[in-house]
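Reading through the structure tokens given below for one structure.
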Amino acid sequence: MRVPLGYKFILGFVAVVAVVAFAPPVVAALGYSPDVTRFLTIVVALTVGLIMGWLFSRRFARNIGILTESAHEVSQGDLSWDIQLPPTSIPDETHELTAAINQMIQNLRDLVGHIRSSSAKLAGASKEINGTAVEISASTEEVARAIEQISHGAETQAELVERSSRIIKETAISIELIASRARESSRCARETSQTAQRGSDLAGDALLLMKDFFERIEALSNSFDQLNNRLQRVGKVADFIGEVARQTNLLALNASIEAVRAGEYGKGFAVVADEVRKLADSTSHSAGEINDLIVTLREESQKVHESLMESSRTIREGKKNVDITAGAFVEIITSVQETERRANSIADLSQMQLESSGKMVHAVDEIAKVADDNAAATEEVSAATEEQLAAMQDMALATRELTQLADELERLVRRFTLEEDIALVETV
Amino acid sequence: MSKVRRFLLMQAGSRRYALPLEQVSEVSELRTLSPVPRAPVWCLGATRSAGVVAAVIDLSWYLGEEPEPAPEKLVVLDLRIGGLALQVGQIFSVVLEAPVRLEQDSYGTWLITPDTKAELLDAVELIQEISAAMAR
């Protein structure tokens, strides 16, 4: 039966009052003097009061002491045990307080265990988050580097596209020049064709003139042959005259000898013989001169003939060259006409290329614009990635701090000793 | 009135010689010669002139030079002096004494003309010397 503590005090007070009220008659019945009786009455009342007070306060003080000790141990963090009050048939508020404190301890135990579990989980989670944040940070750094490279590549691409655009524009100008040159080449080829046609006509005229020249050369050669034959005959006549003169000279010489042998009678004959010998000498000399002249003439005519033959050979070679030239002119005309056709084709193709290059320039400008946009976008992405990296680094720092806080919390919570800790210690 | 002499100018080897025309019997072309056995090398053979056999000698070779390189004429000496013919090179001319002059020195007698200088030969001495040489 539960008796409140107040009731117990009231009951004790009533008992003391009752002792005080009923003690004097009891003591008086003992037959002592009034003074002794009063004294004894006081002593009995005090004794009964003390005993009743001790009886009433002893259990209370013990329970309070136990509770105080338990509270002190709880304050030291020992939550490993429940407060056990001695069993009584008359529980009071201390028992309720004990039950409440035990409930509080149990709640504290659950709370600490929950906190410890949560702090451990929090530490683990924060470590995982930290690790993940570090990995994300590393990945973000790689992404940032990649994006930076992409940005750099985009800038390079933009520059290259710009350069390509410039080159294509220059190429377009070159193509325009090529088209212009091709048109000029076509015009030149047409003029060359006309010139080659004139050259071919002139070569044909030259061939006709050469044919006439060859006929004249042949006639001249025949004339030279006839002249040589006649000179040869004249030479033979001159040789004969020279031989006659020589014989005459010899005869005149011998006539002179005979005239000398004839003495005075041969003087006139000697004069005649001398004159004959002189004439023979003169004739022989003239015949020699004629022979020399004939030889000279023959040599000269031979030279002229050889020169004519050489000229004829040269001109024949020249005729071959003219033939080749005429053929070459024909080939030139064919080739130049082909060249004109190809030059026109080149001009047409160049015009097409020019149009295509214009479209290409437009497309490259579009590409350049897209490349610029890409470069700007990659720069923005790079900046965002850098911000993300900073955020991830902040998050990693925060998770590190969170881990430290969880560790600190766990360390603080570990001040409380739980039953499983004792079981763990006993197991160990 | 002095007698006008005539000389025959001829070339033998590298030298020029002159013969009095009265010591010459004939000037002819080269002929086919008959060989003469045991004769000196400058004796080229024998030929016939006006019915007389004459020995033919190479004048240049005989006078100590090389054999006549280009023989042209045969000069037959007066057959009354001896039967001798000289194979020579070119016969230049017959010259009169008047426009020329004769000079004599220790080497012999020289016929001097405005154009040339020729050694004067004497047919008699020549025939005697050749006869003596051939007799050796």
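Residues in the structure tokens are named by chain (A, B, ... in the order shown) and by number from 1 within that chain; ligands are numbered from 1 in the order shown.
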
Practice problem: Mind checking which residues fall within 8 Å of segment 50-57 of chain A, counting only C-alpha atoms, ignoring those fewer than 4 positions away in the same chain, and posting them as an MDAnalysis selection string? | Solution: chainID A and resid 8:9 12 15:16 46 61

Kindly save the residues from that selection, with N, CA, C and O atoms included, as a compact mmCIF listing (two decimals), in the first residue's frame.
# COMPACT_ATOMS: atom_id res chain seq x y z
N LYS A 8 3.12 10.00 6.19
CA LYS A 8 4.02 9.37 7.15
C LYS A 8 4.47 10.38 8.19
O LYS A 8 4.53 10.08 9.41
N PHE A 9 4.82 11.59 7.80
CA PHE A 9 5.22 12.63 8.76
C PHE A 9 4.08 12.97 9.67
O PHE A 9 4.26 13.12 10.89
N GLY A 12 3.67 10.19 12.16
CA GLY A 12 4.71 10.27 13.18
C GLY A 12 4.41 11.39 14.15
O GLY A 12 4.55 11.22 15.39
N ALA A 15 1.80 10.27 16.36
CA ALA A 15 2.31 9.29 17.33
C ALA A 15 3.04 9.99 18.45
O ALA A 15 2.86 9.64 19.66
N VAL A 16 3.85 11.00 18.12
CA VAL A 16 4.60 11.73 19.14
C VAL A 16 3.61 12.47 20.05
O VAL A 16 3.76 12.47 21.29
N LEU A 46 10.43 12.33 24.54
CA LEU A 46 11.54 12.57 23.61
C LEU A 46 12.01 11.26 22.99
O LEU A 46 12.27 11.17 21.79
N ALA A 61 15.63 8.37 4.41
CA ALA A 61 17.02 8.85 4.23
C ALA A 61 17.84 7.86 3.39
O ALA A 61 18.63 8.24 2.53

Could you build a table of the residues in chain A lying no more than 8 Å from chain B, giving for each the nearest pair of atoms and their separation in Å rounded to one decimal place, using only C-alpha atoms, ordered by chain and ascending residue number, as a Markdown table?
| residue | atom | partner | partner_atom | distance |
| --- | --- | --- | --- | --- |
| A:Leu250 | CA | B:Val27 | CA | 6.8 |
| A:Leu253 | CA | B:Val27 | CA | 7.2 |
| A:Asn254 | CA | B:Glu26 | CA | 5.7 |
| A:Ile257 | CA | B:Leu21 | CA | 6.0 |
| A:Glu258 | CA | B:Ser25 | CA | 7.8 |
| A:Val260 | CA | B:Glu22 | CA | 6.0 |
| A:Arg261 | CA | B:Glu22 | CA | 6.2 |

Enumerate, as a JSON list (two decimals) with C-alpha atoms, in the first residue's frame, the complete set of residues in segment 6-113 of chain B that a backbone-based DSSP assignment places in helix (DSSP H, G or I).
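The resulting part-v5.json:
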[["chain", "number", "residue", "atom", "x", "y", "z"],
["B", 21, "LEU", "CA", 124.83, 24.92, -176.14],
["B", 22, "GLU", "CA", 127.41, 23.79, -178.68],
["B", 23, "GLN", "CA", 128.30, 20.87, -176.36],
["B", 59, "LEU", "CA", 123.92, 14.34, -162.79],
["B", 60, "SER", "CA", 122.84, 15.25, -159.26],
["B", 61, "TRP", "CA", 123.74, 11.82, -157.89],
["B", 62, "TYR", "CA", 127.10, 11.90, -159.74]]

Self-check item: Best match for closeness to Gly89 of chain B among B:Gly45, B:Pro71, B:Pro37, B:Gly51, counting only C-alpha atoms
Solution: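 Going through B:Gly45, B:Pro71, B:Pro37, B:Gly51 one by one, the smallest distance to Gly89 of chain B is for B:Pro71.
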
Self-check item: Nearby residues (only C-alpha atoms) at most 9 Å from Gly108 of chain B, same-chain spacing under 2 positions excluded, as a PyMOL selection string
Solution: chain B and resi 103-106+110+119-121

Take the residues from that selection and put them in a file with N, CA and C atoms, as a tab-separated table (two decimals), in the first residue's frame.
chain	number	residue	atom	x	y	z
B	103	GLU	N	131.88	34.32	-164.10
B	103	GLU	CA	132.82	34.57	-163.01
B	103	GLU	C	133.49	33.26	-162.65
B	104	GLN	N	134.78	33.41	-162.28
B	104	GLN	CA	135.56	32.21	-161.97
B	104	GLN	C	136.14	32.36	-160.56
B	105	ASP	N	136.04	31.29	-159.79
B	105	ASP	CA	136.68	31.30	-158.46
B	105	ASP	C	137.33	29.94	-158.25
B	106	SER	N	137.75	29.70	-157.01
B	106	SER	CA	138.48	28.45	-156.75
B	106	SER	C	137.56	27.24	-156.87
B	110	TRP	N	131.20	30.37	-162.91
B	110	TRP	CA	129.78	30.57	-162.59
B	110	TRP	C	129.16	31.48	-163.63
B	119	GLU	N	126.37	26.95	-162.09
B	119	GLU	CA	127.75	26.50	-162.28
B	119	GLU	C	127.94	26.06	-163.73
B	120	LEU	N	128.98	26.55	-164.33
B	120	LEU	CA	129.22	26.24	-165.74
B	120	LEU	C	129.97	24.91	-165.84
B	121	LEU	N	129.33	23.98	-166.58
B	121	LEU	CA	129.95	22.66	-166.78
B	121	LEU	C	130.66	22.64	-168.14

Practice problem: Compile the contact shell of Ala12 of chain B as a ChimeraX atom specification: residues with an atom at most 12 Å away, counting only C-alpha atoms, same-chain residues fewer than 5 positions apart removed. | Solution: /B:17-18,57-75,86-92,118-119

Could you save the residues just selected, with N, CA and C atoms, as a PDB file, in the first residue's frame?
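Output below, filename selection-v9.pdb:
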ATOM      1  N   TYR B  17     122.817  24.350-163.136  1.00  0.00           N
ATOM      2  CA  TYR B  17     124.031  24.197-163.953  1.00  0.00           C
ATOM      3  C   TYR B  17     123.782  24.821-165.326  1.00  0.00           C
ATOM      4  N   ALA B  18     124.913  25.164-165.952  1.00  0.00           N
ATOM      5  CA  ALA B  18     124.836  25.708-167.316  1.00  0.00           C
ATOM      6  C   ALA B  18     125.813  24.931-168.226  1.00  0.00           C
ATOM      7  N   ILE B  57     123.608   9.178-167.070  1.00  0.00           N
ATOM      8  CA  ILE B  57     123.968   9.272-165.648  1.00  0.00           C
ATOM      9  C   ILE B  57     123.022  10.285-164.971  1.00  0.00           C
ATOM     10  N   ASP B  58     122.865  10.035-163.684  1.00  0.00           N
ATOM     11  CA  ASP B  58     122.085  11.002-162.877  1.00  0.00           C
ATOM     12  C   ASP B  58     123.067  12.074-162.438  1.00  0.00           C
ATOM     13  N   LEU B  59     122.932  13.288-163.020  1.00  0.00           N
ATOM     14  CA  LEU B  59     123.924  14.345-162.789  1.00  0.00           C
ATOM     15  C   LEU B  59     123.998  14.721-161.309  1.00  0.00           C
ATOM     16  N   SER B  60     122.853  14.854-160.677  1.00  0.00           N
ATOM     17  CA  SER B  60     122.836  15.251-159.257  1.00  0.00           C
ATOM     18  C   SER B  60     123.520  14.200-158.400  1.00  0.00           C
ATOM     19  N   TRP B  61     123.147  12.929-158.662  1.00  0.00           N
ATOM     20  CA  TRP B  61     123.736  11.822-157.893  1.00  0.00           C
ATOM     21  C   TRP B  61     125.246  11.782-158.125  1.00  0.00           C
ATOM     22  N   TYR B  62     125.676  11.964-159.405  1.00  0.00           N
ATOM     23  CA  TYR B  62     127.103  11.905-159.743  1.00  0.00           C
ATOM     24  C   TYR B  62     127.868  13.032-159.058  1.00  0.00           C
ATOM     25  N   LEU B  63     127.255  14.211-158.947  1.00  0.00           N
ATOM     26  CA  LEU B  63     127.960  15.355-158.361  1.00  0.00           C
ATOM     27  C   LEU B  63     127.846  15.381-156.828  1.00  0.00           C
ATOM     28  N   GLY B  64     127.438  14.280-156.224  1.00  0.00           N
ATOM     29  CA  GLY B  64     127.516  14.140-154.766  1.00  0.00           C
ATOM     30  C   GLY B  64     126.232  14.414-154.002  1.00  0.00           C
ATOM     31  N   GLU B  65     125.180  14.686-154.741  1.00  0.00           N
ATOM     32  CA  GLU B  65     123.907  14.905-154.038  1.00  0.00           C
ATOM     33  C   GLU B  65     123.078  13.627-154.060  1.00  0.00           C
ATOM     34  N   GLU B  66     121.881  13.756-153.550  1.00  0.00           N
ATOM     35  CA  GLU B  66     120.941  12.635-153.594  1.00  0.00           C
ATOM     36  C   GLU B  66     120.510  12.409-155.036  1.00  0.00           C
ATOM     37  N   PRO B  67     119.976  11.236-155.374  1.00  0.00           N
ATOM     38  CA  PRO B  67     119.442  11.028-156.733  1.00  0.00           C
ATOM     39  C   PRO B  67     118.388  12.060-157.070  1.00  0.00           C
ATOM     40  N   GLU B  68     118.325  12.387-158.394  1.00  0.00           N
ATOM     41  CA  GLU B  68     117.396  13.424-158.853  1.00  0.00           C
ATOM     42  C   GLU B  68     115.981  13.079-158.390  1.00  0.00           C
ATOM     43  N   PRO B  69     115.367  13.950-157.581  1.00  0.00           N
ATOM     44  CA  PRO B  69     114.048  13.594-157.058  1.00  0.00           C
ATOM     45  C   PRO B  69     112.935  13.681-158.105  1.00  0.00           C
ATOM     46  N   ALA B  70     113.080  14.598-159.061  1.00  0.00           N
ATOM     47  CA  ALA B  70     112.007  14.741-160.066  1.00  0.00           C
ATOM     48  C   ALA B  70     112.626  14.888-161.457  1.00  0.00           C
ATOM     49  N   PRO B  71     113.113  13.800-162.003  1.00  0.00           N
ATOM     50  CA  PRO B  71     113.746  13.919-163.329  1.00  0.00           C
ATOM     51  C   PRO B  71     112.717  14.233-164.416  1.00  0.00           C
ATOM     52  N   GLU B  72     113.110  15.153-165.329  1.00  0.00           N
ATOM     53  CA  GLU B  72     112.178  15.540-166.398  1.00  0.00           C
ATOM     54  C   GLU B  72     112.793  15.356-167.789  1.00  0.00           C
ATOM     55  N   LYS B  73     114.023  15.724-167.867  1.00  0.00           N
ATOM     56  CA  LYS B  73     114.619  15.768-169.215  1.00  0.00           C
ATOM     57  C   LYS B  73     115.926  14.974-169.271  1.00  0.00           C
ATOM     58  N   LEU B  74     116.219  14.669-170.519  1.00  0.00           N
ATOM     59  CA  LEU B  74     117.497  13.971-170.773  1.00  0.00           C
ATOM     60  C   LEU B  74     118.306  14.874-171.720  1.00  0.00           C
ATOM     61  N   VAL B  75     119.518  15.292-171.256  1.00  0.00           N
ATOM     62  CA  VAL B  75     120.367  16.181-172.073  1.00  0.00           C
ATOM     63  C   VAL B  75     121.500  15.322-172.674  1.00  0.00           C
ATOM     64  N   LEU B  86     122.801  13.234-169.789  1.00  0.00           N
ATOM     65  CA  LEU B  86     122.590  13.611-168.373  1.00  0.00           C
ATOM     66  C   LEU B  86     121.092  13.646-168.065  1.00  0.00           C
ATOM     67  N   GLN B  87     120.723  12.900-167.007  1.00  0.00           N
ATOM     68  CA  GLN B  87     119.314  13.010-166.554  1.00  0.00           C
ATOM     69  C   GLN B  87     119.239  14.140-165.532  1.00  0.00           C
ATOM     70  N   VAL B  88     118.432  15.169-165.868  1.00  0.00           N
ATOM     71  CA  VAL B  88     118.353  16.357-165.007  1.00  0.00           C
ATOM     72  C   VAL B  88     116.892  16.622-164.661  1.00  0.00           C
ATOM     73  N   GLY B  89     116.760  17.666-163.897  1.00  0.00           N
ATOM     74  CA  GLY B  89     115.396  18.068-163.525  1.00  0.00           C
ATOM     75  C   GLY B  89     114.812  18.969-164.586  1.00  0.00           C
ATOM     76  N   GLN B  90     114.580  20.191-164.198  1.00  0.00           N
ATOM     77  CA  GLN B  90     113.917  21.126-165.108  1.00  0.00           C
ATOM     78  C   GLN B  90     114.926  21.812-165.998  1.00  0.00           C
ATOM     79  N   ILE B  91     114.577  22.015-167.320  1.00  0.00           N
ATOM     80  CA  ILE B  91     115.375  22.831-168.230  1.00  0.00           C
ATOM     81  C   ILE B  91     114.763  24.219-168.208  1.00  0.00           C
ATOM     82  N   PHE B  92     115.557  25.184-167.825  1.00  0.00           N
ATOM     83  CA  PHE B  92     114.992  26.530-167.703  1.00  0.00           C
ATOM     84  C   PHE B  92     114.903  27.236-169.045  1.00  0.00           C
ATOM     85  N   ALA B 118     124.446  29.948-161.911  1.00  0.00           N
ATOM     86  CA  ALA B 118     124.563  28.526-162.254  1.00  0.00           C
ATOM     87  C   ALA B 118     126.027  28.180-162.478  1.00  0.00           C
ATOM     88  N   GLU B 119     126.371  26.953-162.093  1.00  0.00           N
ATOM     89  CA  GLU B 119     127.753  26.500-162.276  1.00  0.00           C
ATOM     90  C   GLU B 119     127.944  26.065-163.734  1.00  0.00           C
TER      91      GLU B 119
END
